[in-house]
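Colleague: Okay, so here is protein_32.cif, and as you'll see once you scroll down, it has mmCIF, C-alpha atoms.
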data_data
#
loop_
_atom_site.label_atom_id
_atom_site.label_comp_id
_atom_site.auth_asym_id
_atom_site.auth_seq_id
_atom_site.Cartn_x
_atom_site.Cartn_y
_atom_site.Cartn_z
CA MET A 239 30.32 12.94 23.77
CA THR A 240 30.28 9.22 22.97
CA THR A 241 28.43 6.52 24.85
CA ASP A 242 31.66 4.85 25.91
CA GLN A 243 33.25 8.09 27.07
CA PHE A 244 31.46 8.16 30.43
CA LEU A 245 30.43 4.53 30.94
CA PRO A 246 30.37 2.88 33.41
CA MET A 247 28.49 5.41 35.58
CA ASP A 248 26.05 5.38 38.47
CA GLU A 249 22.54 6.82 38.02
CA LYS A 250 23.27 10.14 39.73
CA SER A 251 26.42 10.78 37.69
CA ALA A 252 24.72 9.74 34.43
CA THR A 253 21.82 12.14 35.02
CA ALA A 254 24.21 14.99 35.83
CA VAL A 255 26.43 14.37 32.79
CA PHE A 256 23.53 14.12 30.33
CA ALA A 257 21.78 17.17 31.86
CA ALA A 258 24.97 19.19 31.42
CA ASN A 259 25.65 18.07 27.85
CA GLY A 260 22.15 17.55 26.42
CA ILE A 261 18.49 18.51 26.60
CA ASP A 262 15.39 17.02 28.21
CA VAL A 263 13.15 15.98 25.29
CA THR A 264 10.16 14.76 27.33
CA PRO A 265 6.93 16.73 26.85
CA ARG A 266 6.55 17.16 30.62
CA LYS A 267 10.23 18.06 31.13
CA ASP A 268 10.51 15.46 33.89
CA GLN A 269 14.08 14.45 32.91
CA GLY A 270 12.84 11.04 31.77
CA VAL A 271 14.75 11.21 28.46
CA PHE A 272 17.90 13.27 27.92
CA LYS A 273 19.30 13.65 24.42
CA VAL A 274 22.87 14.51 23.43
CA VAL A 275 23.46 15.16 19.72
CA LYS A 276 26.65 13.48 18.43
CA ARG A 277 26.20 14.40 14.77
CA GLN A 278 23.83 17.02 13.43
CA GLY A 279 21.29 15.87 10.87
CA LEU A 280 20.21 17.51 7.65
CA ASP A 281 18.34 20.78 8.02
CA GLY A 282 14.61 20.55 7.38
CA ASP A 283 11.81 18.21 8.27
CA ARG A 284 11.53 16.02 11.36
CA PRO A 285 9.40 12.88 11.64
CA MET A 286 5.72 13.32 12.46
CA ILE A 287 3.51 10.95 14.46
CA GLY A 288 2.75 7.82 12.45
CA ASP A 289 5.70 8.22 10.05
CA LYS A 290 7.58 5.07 9.15
CA VAL A 291 11.12 5.62 10.46
CA THR A 292 14.30 3.60 9.88
CA VAL A 293 16.99 3.67 12.57
CA HIS A 294 20.22 2.04 13.67
CA TYR A 295 20.82 1.74 17.43
CA THR A 296 22.97 0.33 20.21
CA GLY A 297 21.53 -0.24 23.70
CA LYS A 298 23.70 -0.32 26.82
CA LEU A 299 23.33 -0.47 30.58
CA LEU A 300 25.10 2.13 32.74
CA THR A 301 27.72 -0.55 33.45
CA GLY A 302 28.70 -0.30 29.77
CA LYS A 303 27.31 -3.76 29.01
CA LYS A 304 25.77 -3.89 25.53
CA PHE A 305 22.37 -5.64 25.36
CA ASP A 306 21.31 -4.97 21.74
CA CYS A 307 22.83 -3.57 18.54
CA SER A 308 21.33 -3.28 15.05
CA TRP A 309 24.68 -2.18 13.58
CA GLU A 310 26.23 -5.53 14.51
CA ARG A 311 23.29 -7.34 12.86
CA LYS A 312 23.68 -5.05 9.82
CA GLU A 313 19.92 -4.75 9.90
CA PRO A 314 18.23 -1.34 10.44
CA PHE A 315 15.00 -1.30 12.43
CA CYS A 316 11.71 0.18 11.09
CA PHE A 317 8.61 1.27 13.03
CA ASN A 318 5.79 3.82 12.99
CA VAL A 319 6.89 6.52 15.39
CA GLY A 320 4.56 7.87 18.07
CA LYS A 321 2.22 4.88 17.86
CA GLY A 322 3.40 3.01 20.95
CA GLN A 323 5.08 0.26 18.93
CA VAL A 324 8.43 0.75 20.72
CA LEU A 325 9.79 2.10 24.01
CA LYS A 326 8.30 5.45 25.02
CA ALA A 327 11.82 6.93 25.01
CA TRP A 328 12.26 5.93 21.37
CA ASP A 329 8.99 7.57 20.29
CA ILE A 330 9.95 10.78 22.07
CA GLY A 331 13.61 10.79 21.02
CA VAL A 332 13.12 9.96 17.35
CA LEU A 333 10.41 12.63 16.94
CA SER A 334 13.05 15.20 17.98
CA MET A 335 15.65 14.04 15.38
CA GLN A 336 16.49 15.09 11.84
CA ARG A 337 17.37 12.75 8.96
CA GLY A 338 21.00 11.63 9.33
CA GLU A 339 21.28 12.75 12.97
CA VAL A 340 23.15 10.57 15.49
CA CYS A 341 22.36 11.07 19.16
CA THR A 342 22.64 9.42 22.57
CA LEU A 343 19.55 9.01 24.77
CA LEU A 344 19.60 8.47 28.53
CA CYS A 345 16.29 6.82 29.40
CA LYS A 346 14.81 6.44 32.86
CA PRO A 347 12.85 3.26 33.68
CA ASP A 348 9.40 4.85 33.19
CA TYR A 349 10.38 5.59 29.58
CA ALA A 350 12.26 2.33 28.98
CA TYR A 351 11.85 -1.14 30.52
CA GLY A 352 10.09 -0.14 33.75
CA PRO A 353 10.07 -1.98 37.07
CA THR A 354 10.23 -5.42 35.42
CA GLY A 355 13.20 -4.87 33.11
CA ASN A 356 13.90 -7.52 30.50
CA PRO A 357 14.76 -11.04 31.73
CA ASP A 358 18.44 -12.03 31.31
CA LYS A 359 19.28 -8.68 29.74
CA ILE A 360 18.07 -5.66 31.72
CA PRO A 361 17.62 -5.60 35.51
CA PRO A 362 14.42 -4.07 36.99
CA ASN A 363 14.26 -0.25 37.24
CA SER A 364 17.36 0.27 35.10
CA LEU A 365 18.43 3.46 33.37
CA VAL A 366 19.56 2.59 29.86
CA VAL A 367 21.53 4.40 27.16
CA PHE A 368 20.74 4.23 23.45
CA GLU A 369 22.92 5.53 20.65
CA MET A 370 20.63 6.13 17.66
CA GLU A 371 20.97 7.17 14.03
CA LEU A 372 17.90 8.28 12.09
CA LEU A 373 18.47 6.92 8.59
CA ASN A 374 15.18 7.84 6.97
CA PHE A 375 11.48 8.55 7.48
CA GLU A 376 8.37 8.79 5.34
CA GLY A 377 4.65 9.31 5.84
CA GLU A 378 2.27 6.50 6.75
CA ILE A 379 0.84 4.83 3.64
CA LEU A 380 -2.92 4.32 4.08
CA THR A 381 -3.73 2.40 0.88
CA ALA A 382 -2.22 -0.67 -0.75
CA ASP A 383 -1.46 1.29 -3.94
CA GLY A 384 0.31 4.10 -2.06
CA GLY A 385 -2.23 6.66 -3.25
CA ILE A 386 -2.83 8.21 0.20
CA MET A 387 0.02 9.13 2.55
CA ARG A 388 -0.63 10.64 5.97
CA ARG A 389 1.61 12.69 8.26
CA ILE A 390 0.15 13.60 11.65
CA LYS A 391 0.89 17.13 12.88
CA VAL A 392 -1.26 16.93 16.03
CA LYS A 393 -2.21 13.62 17.60
CA GLY A 394 -5.90 13.09 18.28
CA GLU A 395 -7.47 11.88 21.50
CA GLY A 396 -9.14 8.62 22.45
CA TYR A 397 -9.26 5.35 20.53
CA SER A 398 -12.44 5.83 18.50
CA ASN A 399 -12.50 6.59 14.77
CA PRO A 400 -15.27 7.60 12.36
CA ASN A 401 -16.74 4.71 10.34
CA ASP A 402 -18.61 4.60 7.02
CA GLY A 403 -21.85 6.50 7.54
CA ALA A 404 -20.46 8.59 10.42
CA SER A 405 -21.17 12.34 10.55
CA VAL A 406 -17.92 14.34 10.72
CA ASP A 407 -17.04 18.00 11.14
CA VAL A 408 -13.65 18.97 9.71
CA HIS A 409 -11.50 21.94 8.80
CA LEU A 410 -9.90 21.58 5.36
CA GLU A 411 -7.02 23.34 3.62
CA GLY A 412 -6.23 22.03 0.15
CA ARG A 413 -3.05 22.87 -1.77
CA CYS A 414 -1.72 22.13 -5.24
CA GLY A 415 1.97 22.96 -5.18
CA ASP A 416 2.23 26.09 -3.02
CA ARG A 417 -1.23 27.40 -3.96
CA LEU A 418 -4.09 27.22 -1.45
CA PHE A 419 -7.28 26.38 -3.37
CA ASP A 420 -9.66 25.16 -0.65
CA CYS A 421 -10.09 26.45 2.91
CA ARG A 422 -13.31 25.77 4.82
CA ASP A 423 -15.12 24.17 7.72
CA VAL A 424 -17.49 21.49 6.47
CA GLY A 425 -19.57 18.60 7.71
CA PHE A 426 -20.26 15.44 5.68
CA ILE A 427 -21.17 11.77 5.89
CA VAL A 428 -18.18 9.42 5.59
CA GLY A 429 -18.55 7.56 2.31
CA GLN A 430 -20.51 10.47 0.81
CA GLY A 431 -17.87 13.21 0.83
CA GLU A 432 -18.34 13.58 -2.93
CA ASP A 433 -21.64 15.37 -2.20
CA LYS A 434 -19.68 18.21 -0.55
CA GLY A 435 -16.79 18.30 -3.04
CA ILE A 436 -14.52 16.33 -0.70
CA PRO A 437 -11.79 14.37 -2.54
CA LEU A 438 -12.00 10.59 -2.25
CA GLY A 439 -8.67 10.43 -0.38
CA VAL A 440 -9.90 12.73 2.40
CA ASP A 441 -13.11 10.70 2.72
CA ARG A 442 -11.17 7.39 2.84
CA ALA A 443 -8.71 8.68 5.48
CA MET A 444 -11.47 9.51 7.97
CA ASP A 445 -11.64 6.04 9.50
CA LYS A 446 -7.94 6.34 10.47
CA MET A 447 -8.33 9.68 12.29
CA GLN A 448 -9.12 10.50 15.92
CA ARG A 449 -11.01 13.45 17.35
CA GLY A 450 -8.78 16.54 17.44
CA GLU A 451 -6.21 15.10 15.03
CA CYS A 452 -4.60 17.40 12.48
CA CYS A 453 -2.82 15.67 9.62
CA LEU A 454 -1.44 16.21 6.14
CA LEU A 455 -2.84 13.92 3.43
CA TYR A 456 -0.74 13.57 0.27
CA LEU A 457 -3.11 12.42 -2.46
CA LYS A 458 -2.28 10.93 -5.85
CA PRO A 459 -4.69 11.90 -8.68
CA LYS A 460 -6.80 8.76 -8.22
CA TYR A 461 -7.66 9.96 -4.69
CA GLY A 462 -7.70 13.64 -5.55
CA PHE A 463 -9.48 15.08 -8.58
CA GLY A 464 -8.45 12.38 -11.08
CA ASN A 465 -7.99 12.95 -14.78
CA GLU A 466 -10.77 15.54 -14.81
CA GLY A 467 -9.17 17.96 -12.38
CA LYS A 468 -11.31 20.52 -10.57
CA PRO A 469 -11.89 23.58 -12.77
CA GLU A 470 -13.61 25.58 -10.00
CA TYR A 471 -10.43 25.24 -7.92
CA LYS A 472 -8.19 25.73 -11.00
CA VAL A 473 -6.64 22.32 -10.38
CA GLY A 474 -5.70 20.62 -13.65
CA PRO A 475 -6.03 16.94 -14.52
CA ASP A 476 -3.77 14.27 -12.97
CA LYS A 477 -2.39 16.58 -10.27
CA ASP A 478 -1.03 15.48 -6.88
CA ILE A 479 -2.64 17.51 -4.10
CA VAL A 480 -2.16 17.93 -0.34
CA TYR A 481 -4.94 18.45 2.20
CA GLU A 482 -4.42 19.52 5.78
CA VAL A 483 -7.36 18.05 7.68
CA THR A 484 -8.45 18.71 11.26
CA LEU A 485 -11.13 16.37 12.61
CA LYS A 486 -13.05 18.64 14.96
CA ASN A 487 -15.83 16.23 15.90
CA PHE A 488 -17.72 13.15 14.73
CA LYS A 489 -20.62 10.86 15.54
CA ARG A 490 -20.19 7.23 14.58
CA ALA A 491 -22.85 5.42 12.57
CA LYS A 492 -24.26 2.24 14.06
CA GLU A 493 -22.21 -0.85 13.26
CA SER A 494 -23.90 -3.88 11.71
CA TRP A 495 -23.98 -5.74 15.04
CA GLU A 496 -25.68 -2.74 16.71
CA MET A 497 -28.69 -2.89 14.33
CA ASP A 498 -31.49 -5.41 14.09
CA LEU A 499 -32.54 -6.77 10.70
CA ASN A 500 -35.46 -4.38 10.29
CA GLU A 501 -33.18 -1.36 10.82
CA LYS A 502 -30.80 -2.68 8.17
CA LEU A 503 -33.59 -3.31 5.66
CA ASP A 504 -34.94 0.20 6.25
CA LEU A 505 -31.53 1.69 5.40
CA VAL A 506 -30.53 -0.56 2.50
CA SER A 507 -32.83 0.96 -0.11
CA GLY A 508 -31.41 4.47 0.44
CA VAL A 509 -27.81 3.20 0.37
CA LYS A 510 -28.46 1.34 -2.88
CA THR A 511 -30.02 4.46 -4.43
CA LYS A 512 -26.99 6.52 -3.37
CA GLY A 513 -24.65 3.93 -4.91
CA ASN A 514 -26.60 4.01 -8.17
CA GLN A 515 -26.41 7.81 -8.25
CA TYR A 516 -22.64 7.72 -7.85
CA PHE A 517 -22.33 5.04 -10.55
CA LYS A 518 -24.35 7.06 -13.06
CA ALA A 519 -22.21 10.10 -12.29
CA GLY A 520 -19.06 8.07 -13.02
CA ARG A 521 -17.98 8.10 -9.34
CA HIS A 522 -17.25 4.39 -9.22
CA HIS A 523 -15.08 4.39 -6.10
CA GLN A 524 -17.85 6.13 -4.17
CA ALA A 525 -20.42 3.68 -5.55
CA VAL A 526 -18.27 0.76 -4.35
CA ILE A 527 -18.41 2.12 -0.78
CA GLN A 528 -22.22 2.10 -0.80
CA TYR A 529 -22.63 -1.38 -2.29
CA GLN A 530 -20.08 -2.82 0.13
CA ARG A 531 -22.07 -1.43 3.07
CA ILE A 532 -25.11 -3.41 1.90
CA ILE A 533 -23.10 -6.64 1.77
CA SER A 534 -21.51 -6.05 5.19
CA TRP A 535 -25.00 -5.60 6.70
CA LEU A 536 -26.89 -8.43 5.04
CA GLU A 537 -24.47 -11.13 3.86
CA LEU A 538 -24.79 -13.15 7.09
CA GLU A 539 -28.51 -12.50 7.65
CA CYS A 540 -31.13 -15.17 6.96
CA GLY A 541 -34.36 -13.44 7.95
CA THR A 542 -37.59 -15.02 9.12
CA GLY A 543 -39.63 -16.76 6.46
CA MET A 544 -39.07 -17.32 2.77
CA GLU A 545 -40.23 -13.87 1.69
CA GLN A 546 -37.76 -11.99 3.91
CA HIS A 547 -34.97 -14.45 3.04
CA LYS A 548 -35.54 -13.81 -0.68
CA LYS A 549 -35.57 -10.04 -0.12
CA ILE A 550 -32.20 -10.20 1.69
CA GLN A 551 -30.70 -12.45 -0.98
CA ASP A 552 -31.91 -10.15 -3.77
CA TYR A 553 -30.24 -7.14 -2.11
CA VAL A 554 -26.95 -9.03 -1.60
CA LEU A 555 -26.80 -10.48 -5.10
CA THR A 556 -27.68 -7.12 -6.67
CA ALA A 557 -24.93 -5.44 -4.62
CA HIS A 558 -22.39 -8.04 -5.84
CA LEU A 559 -23.50 -7.53 -9.45
CA ASN A 560 -23.22 -3.76 -9.08
CA LEU A 561 -19.77 -4.12 -7.50
CA ALA A 562 -18.67 -6.28 -10.44
CA LEU A 563 -19.79 -3.53 -12.82
CA CYS A 564 -17.93 -0.87 -10.80
CA PHE A 565 -14.73 -2.93 -10.75
CA LEU A 566 -14.97 -3.46 -14.51
CA ARG A 567 -15.07 0.32 -14.93
CA LEU A 568 -12.15 0.70 -12.50
CA LYS A 569 -10.16 -1.98 -14.40
CA GLU A 570 -9.90 -4.10 -11.24
CA PHE A 571 -10.80 -7.29 -13.08
CA SER A 572 -9.92 -9.79 -10.33
CA GLN A 573 -12.36 -8.06 -7.98
CA ALA A 574 -15.01 -8.11 -10.71
CA VAL A 575 -14.55 -11.87 -11.13
CA ASP A 576 -14.72 -12.42 -7.35
CA ASN A 577 -18.05 -10.60 -7.07
CA CYS A 578 -19.51 -12.48 -10.05
CA ASN A 579 -18.41 -15.76 -8.46
CA LYS A 580 -20.35 -14.85 -5.29
CA VAL A 581 -23.51 -14.48 -7.38
CA ILE A 582 -22.91 -17.65 -9.41
CA GLU A 583 -22.46 -19.66 -6.19
CA HIS A 584 -26.11 -18.87 -5.42
CA ASP A 585 -27.43 -18.79 -8.98
CA GLU A 586 -25.26 -20.59 -11.53
CA SER A 587 -27.42 -19.39 -14.45
CA ASN A 588 -27.38 -15.69 -13.54
CA GLU A 589 -27.10 -14.00 -16.93
CA LYS A 590 -25.57 -10.73 -15.69
CA ALA A 591 -22.99 -12.45 -13.48
CA LEU A 592 -21.88 -14.79 -16.28
CA TYR A 593 -21.69 -11.94 -18.80
CA ARG A 594 -19.72 -9.61 -16.48
CA ARG A 595 -17.35 -12.39 -15.47
CA GLY A 596 -16.82 -13.10 -19.17
CA GLU A 597 -16.02 -9.41 -19.75
CA ALA A 598 -13.49 -9.38 -16.89
CA ARG A 599 -11.85 -12.58 -18.12
CA LEU A 600 -11.66 -11.29 -21.67
CA LEU A 601 -9.94 -8.14 -20.43
CA ARG A 602 -7.49 -10.35 -18.51
CA ASN A 603 -6.73 -12.20 -21.79
CA GLU A 604 -8.26 -15.42 -20.40
CA TYR A 605 -9.92 -16.16 -23.73
CA SER A 606 -10.97 -19.78 -23.13
CA LEU A 607 -12.59 -18.96 -19.78
CA ALA A 608 -14.29 -15.88 -21.25
CA MET A 609 -15.65 -17.93 -24.17
CA ALA A 610 -17.06 -20.50 -21.74
CA ASP A 611 -18.89 -17.72 -19.84
CA PHE A 612 -20.36 -16.14 -22.99
CA GLN A 613 -21.43 -19.57 -24.27
CA LYS A 614 -23.20 -20.17 -20.95
CA VAL A 615 -24.96 -16.79 -21.30
CA LEU A 616 -26.25 -17.89 -24.72
CA GLU A 617 -27.48 -21.17 -23.23
CA VAL A 618 -29.43 -19.14 -20.66
CA ASN A 619 -30.61 -16.57 -23.20
CA PRO A 620 -30.01 -17.36 -26.91
CA LEU A 621 -31.21 -13.83 -27.82
CA ASN A 622 -28.41 -12.06 -25.95
CA ARG A 623 -26.73 -10.19 -28.84
CA ALA A 624 -24.02 -8.66 -26.67
CA ALA A 625 -22.85 -12.13 -25.55
CA ARG A 626 -22.80 -13.34 -29.17
CA ALA A 627 -20.70 -10.32 -30.18
CA GLN A 628 -18.33 -10.90 -27.25
CA LEU A 629 -17.99 -14.56 -28.23
CA SER A 630 -16.97 -13.48 -31.72
CA SER A 631 -14.52 -10.97 -30.19
CA CYS A 632 -13.03 -13.75 -28.03
CA GLN A 633 -12.47 -15.94 -31.08
CA SER A 634 -10.81 -13.09 -33.02
CA LYS A 635 -8.56 -12.14 -30.13
CA MET A 636 -7.64 -15.75 -29.47
CA LYS A 637 -6.65 -16.11 -33.14
CA GLU A 638 -4.61 -12.87 -32.98
CA HIS A 639 -2.94 -14.10 -29.81
CA GLN A 640 -2.03 -17.42 -31.42
CA GLU A 641 -0.60 -15.64 -34.49
CA GLN A 642 1.49 -13.39 -32.25
CA GLU A 643 2.78 -16.41 -30.36
CA LYS A 644 3.72 -18.10 -33.65
CA LYS A 645 5.68 -15.00 -34.70
CA ILE A 646 7.41 -14.77 -31.32
CA TYR A 647 8.44 -18.44 -31.42
CA ALA A 648 9.44 -18.20 -35.11
CA ASN A 649 11.68 -15.20 -34.33
CA MET A 650 13.05 -17.01 -31.30
CA PHE A 651 13.95 -20.13 -33.31
CA GLN A 652 15.43 -17.95 -36.09
CA LYS A 653 17.67 -16.23 -33.55
CA PHE A 654 18.71 -19.58 -32.09
CA ALA A 655 19.52 -20.89 -35.60
CA GLU A 656 21.51 -17.73 -36.43
CA ARG A 657 23.38 -17.98 -33.15
CA ASP A 658 24.19 -21.69 -33.72
CA SER A 659 25.32 -20.93 -37.28
CA LYS A 660 27.54 -18.09 -36.09
CA THR A 661 28.95 -20.29 -33.31
CA GLY A 662 29.69 -23.01 -35.90
CA ARG A 663 31.52 -20.57 -38.23
CA THR A 664 33.55 -19.19 -35.34
CA LYS A 665 34.49 -22.72 -34.24
CA ARG A 666 35.55 -23.69 -37.78
CA ARG A 667 37.73 -20.58 -38.11
CA LYS A 668 39.31 -21.33 -34.74
CA ASP A 669 40.00 -24.96 -35.76
CA GLU A 670 41.53 -23.85 -39.07
CA SER A 671 43.64 -21.28 -37.27
CA MET A 672 44.88 -23.91 -34.83
CA ARG A 673 45.76 -26.35 -37.65
CA SER A 674 47.56 -23.60 -39.54
CA GLY A 675 49.49 -22.67 -36.44
CA MET A 676 50.46 -26.26 -35.78
CA ASN A 677 51.69 -26.73 -39.41
CA GLY A 678 53.80 -23.62 -39.08
CA GLU A 679 55.39 -24.80 -35.87
CA VAL A 680 56.23 -28.23 -37.44
CA GLY A 681 57.98 -26.51 -40.37
CA ILE A 682 60.03 -24.30 -38.04
CA LYS A 683 61.07 -27.31 -35.96
CA ARG A 684 62.15 -29.23 -39.08
CA ARG A 685 64.26 -26.31 -40.29
CA ARG A 686 65.85 -26.01 -36.84
CA ARG A 687 66.69 -29.73 -36.80
CA SER A 688 68.31 -29.53 -40.30
CA GLN A 689 70.45 -26.60 -39.18
CA ASP A 690 71.61 -28.44 -36.04
CA CYS A 691 72.66 -31.54 -38.04
CA PRO A 692 76.33 -31.92 -39.26
CA SER A 693 76.85 -31.20 -42.93
#
What would the structure in this file look like if it were written as structure tokens?

Modeller:
Amino acid sequence: MTTDQFLPMDEKSATAVFAANGIDVTPRKDQGVFKVVKRQGLDGDRPMIGDKVTVHYTGKLLTGKKFDCSWERKEPFCFNVGKGQVLKAWDIGVLSMQRGEVCTLLCKPDYAYGPTGNPDKIPPNSLVVFEMELLNFEGEILTADGGIMRRIKVKGEGYSNPNDGASVDVHLEGRCGDRLFDCRDVGFIVGQGEDKGIPLGVDRAMDKMQRGECCLLYLKPKYGFGNEGKPEYKVGPDKDIVYEVTLKNFKRAKESWEMDLNEKLDLVSGVKTKGNQYFKAGRHHQAVIQYQRIISWLELECGTGMEQHKKIQDYVLTAHLNLALCFLRLKEFSQAVDNCNKVIEHDESNEKALYRRGEARLLRNEYSLAMADFQKVLEVNPLNRAARAQLSSCQSKMKEHQEQEKKIYANMFQKFAERDSKTGRTKRRKDESMRSGMNGEVGIKRRRRSQDCPS
């Protein structure tokens, strides 16, 4: 069955034809979306809620009039399926398809453009027909570095999500390859999952989940068990792992705007201590979460009186300094510099901020800037041996860098000279060959002329 085969049609005929040739794919079986498969897809997986899908489509009215076509634009369309980003009929239809499948969907108004239609294109309360091809789909990427990918098996309820500090109850099933290594019900505080042996990626995905949701989390080593692995689970170093997570229940922590200043100050000391514990244990990502909570609570607070103002500022500046140290360990040098800058804006002679910024700049090969920072440290504290050693290291590395540049440019100029020399030799040979050829032709012509002359 093709779209054009039966169009134009009236609503009654269209419903009868699609009911006879296809299936009702609506969850309630209310005949709101009929699907007819034109070309079977590849056996295997289907998209899950939240997956990024790529489709081609043509949309037509029952009159046969075309109102949209991605094929003609030569531009496939991408969206996250099941998230309400597109027509309800699309979410339902695409979730029923396999990769490579081509199908035709008959969509009633409640699942398409409704009682208002689409001005100049689709009249109110219109049934519409879409021909769709599912080109590809992949899980929803939750982090900028692609380290956590989510695929939702069961959609959760409501619009609320756990936040940092929330209490959550989950069911976990962890797998490495085909082997199940972790299966349990567990409760933990979001941001402190490490205390219960929860991988960082599971902890970080919590604020994207809804109550009752069941999802698969595909975790790269950074968000799993890292380069240490997990010997008690017999998971080796640098292994990708998959966790199936069901969020059974949660209680959100108070947001910053829901707390008064005294509440925040009461909590800050414990959060800072927790961050320091994670840092000392080498859990730098987890430490970052704690220090960032302090900043989110207090950065915009002023307090009442000089004493309280100083207390707030001390907490904020210390959190920025600790974040800079964490980011140095995580090799995220730009973030380290940013946090040091926040401190230096308030205290331009802060020894730790200047030193840590110098470290980050040195590791980014910004030798002149790093030297300036270490020199400023020595102006603040001439007895700082570490800064003096770093200054010496800067000078050595700058010299090495300059020598390397000289070699690179010397080699470059040598290659240019060799190329020019080779080009010159080739040109000379070509010129000589041309002259030789011309002389030969002149001789032949002379001999021909002498033979043509009377004797």

Colleague: Neighbours of Gly450 of chain A within 8 Å (all atoms listed in the file; same-chain residues fewer than 6 positions away dropped), as a PyMOL selection string?

Modeller: chain A and resi 392-395+484-487

Colleague: How about saving the chosen residues, C-alpha atoms kept, as a PDB file, in the frame of the given file?

Modeller:
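out_15.pdb, freshly written:
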ATOM      1  CA  VAL A 392      -1.260  16.930  16.030  1.00  0.00           C
ATOM      2  CA  LYS A 393      -2.210  13.620  17.600  1.00  0.00           C
ATOM      3  CA  GLY A 394      -5.900  13.090  18.280  1.00  0.00           C
ATOM      4  CA  GLU A 395      -7.470  11.880  21.500  1.00  0.00           C
ATOM      5  CA  THR A 484      -8.450  18.710  11.260  1.00  0.00           C
ATOM      6  CA  LEU A 485     -11.130  16.370  12.610  1.00  0.00           C
ATOM      7  CA  LYS A 486     -13.050  18.640  14.960  1.00  0.00           C
ATOM      8  CA  ASN A 487     -15.830  16.230  15.900  1.00  0.00           C
TER       9      ASN A 487
END

Colleague: Might you pull out every residue within 6 Å of Ala525 of chain A, with all atoms listed in the file counted and same-chain residues fewer than 4 positions away left off, and present them as a ChimeraX atom specification?

Modeller: /A:513,516-517

Colleague: For the selection you just gave me, I'd like the residues written to a file as a CSV table (one decimal), keeping the file's coordinate frame, keeping C-alpha atoms.

Modeller:
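Heads up, here's the output in again_32.csv:
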chain,number,residue,atom,x,y,z
A,513,GLY,CA,-24.6,3.9,-4.9
A,516,TYR,CA,-22.6,7.7,-7.8
A,517,PHE,CA,-22.3,5.0,-10.6

Colleague: In Å, rounded to a single decimal, give me how far atom CA of Val480 of chain A is from atom CA of Leu455 of chain A.

Modeller: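 About the pair atom CA of Leu455 of chain A and atom CA of Val480 of chain A: they are 5.5 Å apart.
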
Colleague: Could you list, as a ChimeraX atom specification, every residue within 8 Å of Gly352 of chain A, counting only C-alpha atoms and ignoring same-chain residues fewer than 5 positions away?

Modeller: /A:347,362-364

Colleague: Starting from the PyMOL selection byres ((chain A and resi 276) around 8), expand the selection into actual residues of this file and give them as a JSON list (two decimals) with C-alpha atoms, keeping the file's coordinate frame.

Modeller:
[["chain", "number", "residue", "atom", "x", "y", "z"],
["A", 239, "MET", "CA", 30.32, 12.94, 23.77],
["A", 240, "THR", "CA", 30.28, 9.22, 22.97],
["A", 274, "VAL", "CA", 22.87, 14.51, 23.43],
["A", 275, "VAL", "CA", 23.46, 15.16, 19.72],
["A", 277, "ARG", "CA", 26.20, 14.40, 14.77],
["A", 278, "GLN", "CA", 23.83, 17.02, 13.43],
["A", 339, "GLU", "CA", 21.28, 12.75, 12.97],
["A", 340, "VAL", "CA", 23.15, 10.57, 15.49],
["A", 341, "CYS", "CA", 22.36, 11.07, 19.16],
["A", 342, "THR", "CA", 22.64, 9.42, 22.57]]

Colleague: Using all atoms listed in the file, which of the listed residues (A:Pro620, A:Pro265, A:Gly322, A:Gly520) sits closest to Gly288 of chain A?

Modeller: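 Residue with the minimum atom-to-atom distance to Gly288 of chain A: A:Gly322.
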
Colleague: Hey, which of A:Asp420, A:Glu638, A:Asp433, A:Glu586 ends up closest to Val615 of chain A? Count all atoms listed in the file.

Modeller: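 Comparing A:Asp420, A:Glu638, A:Asp433, A:Glu586 against Val615 of chain A, the winner is A:Glu586.
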
Colleague: Evaluate the PyMOL selection byres ((chain A and resi 549) around 12) here and jot the selected residues down as a PyMOL selection string.

Modeller: chain A and resi 499-500+503+506-507+536-537+539-548+550-556
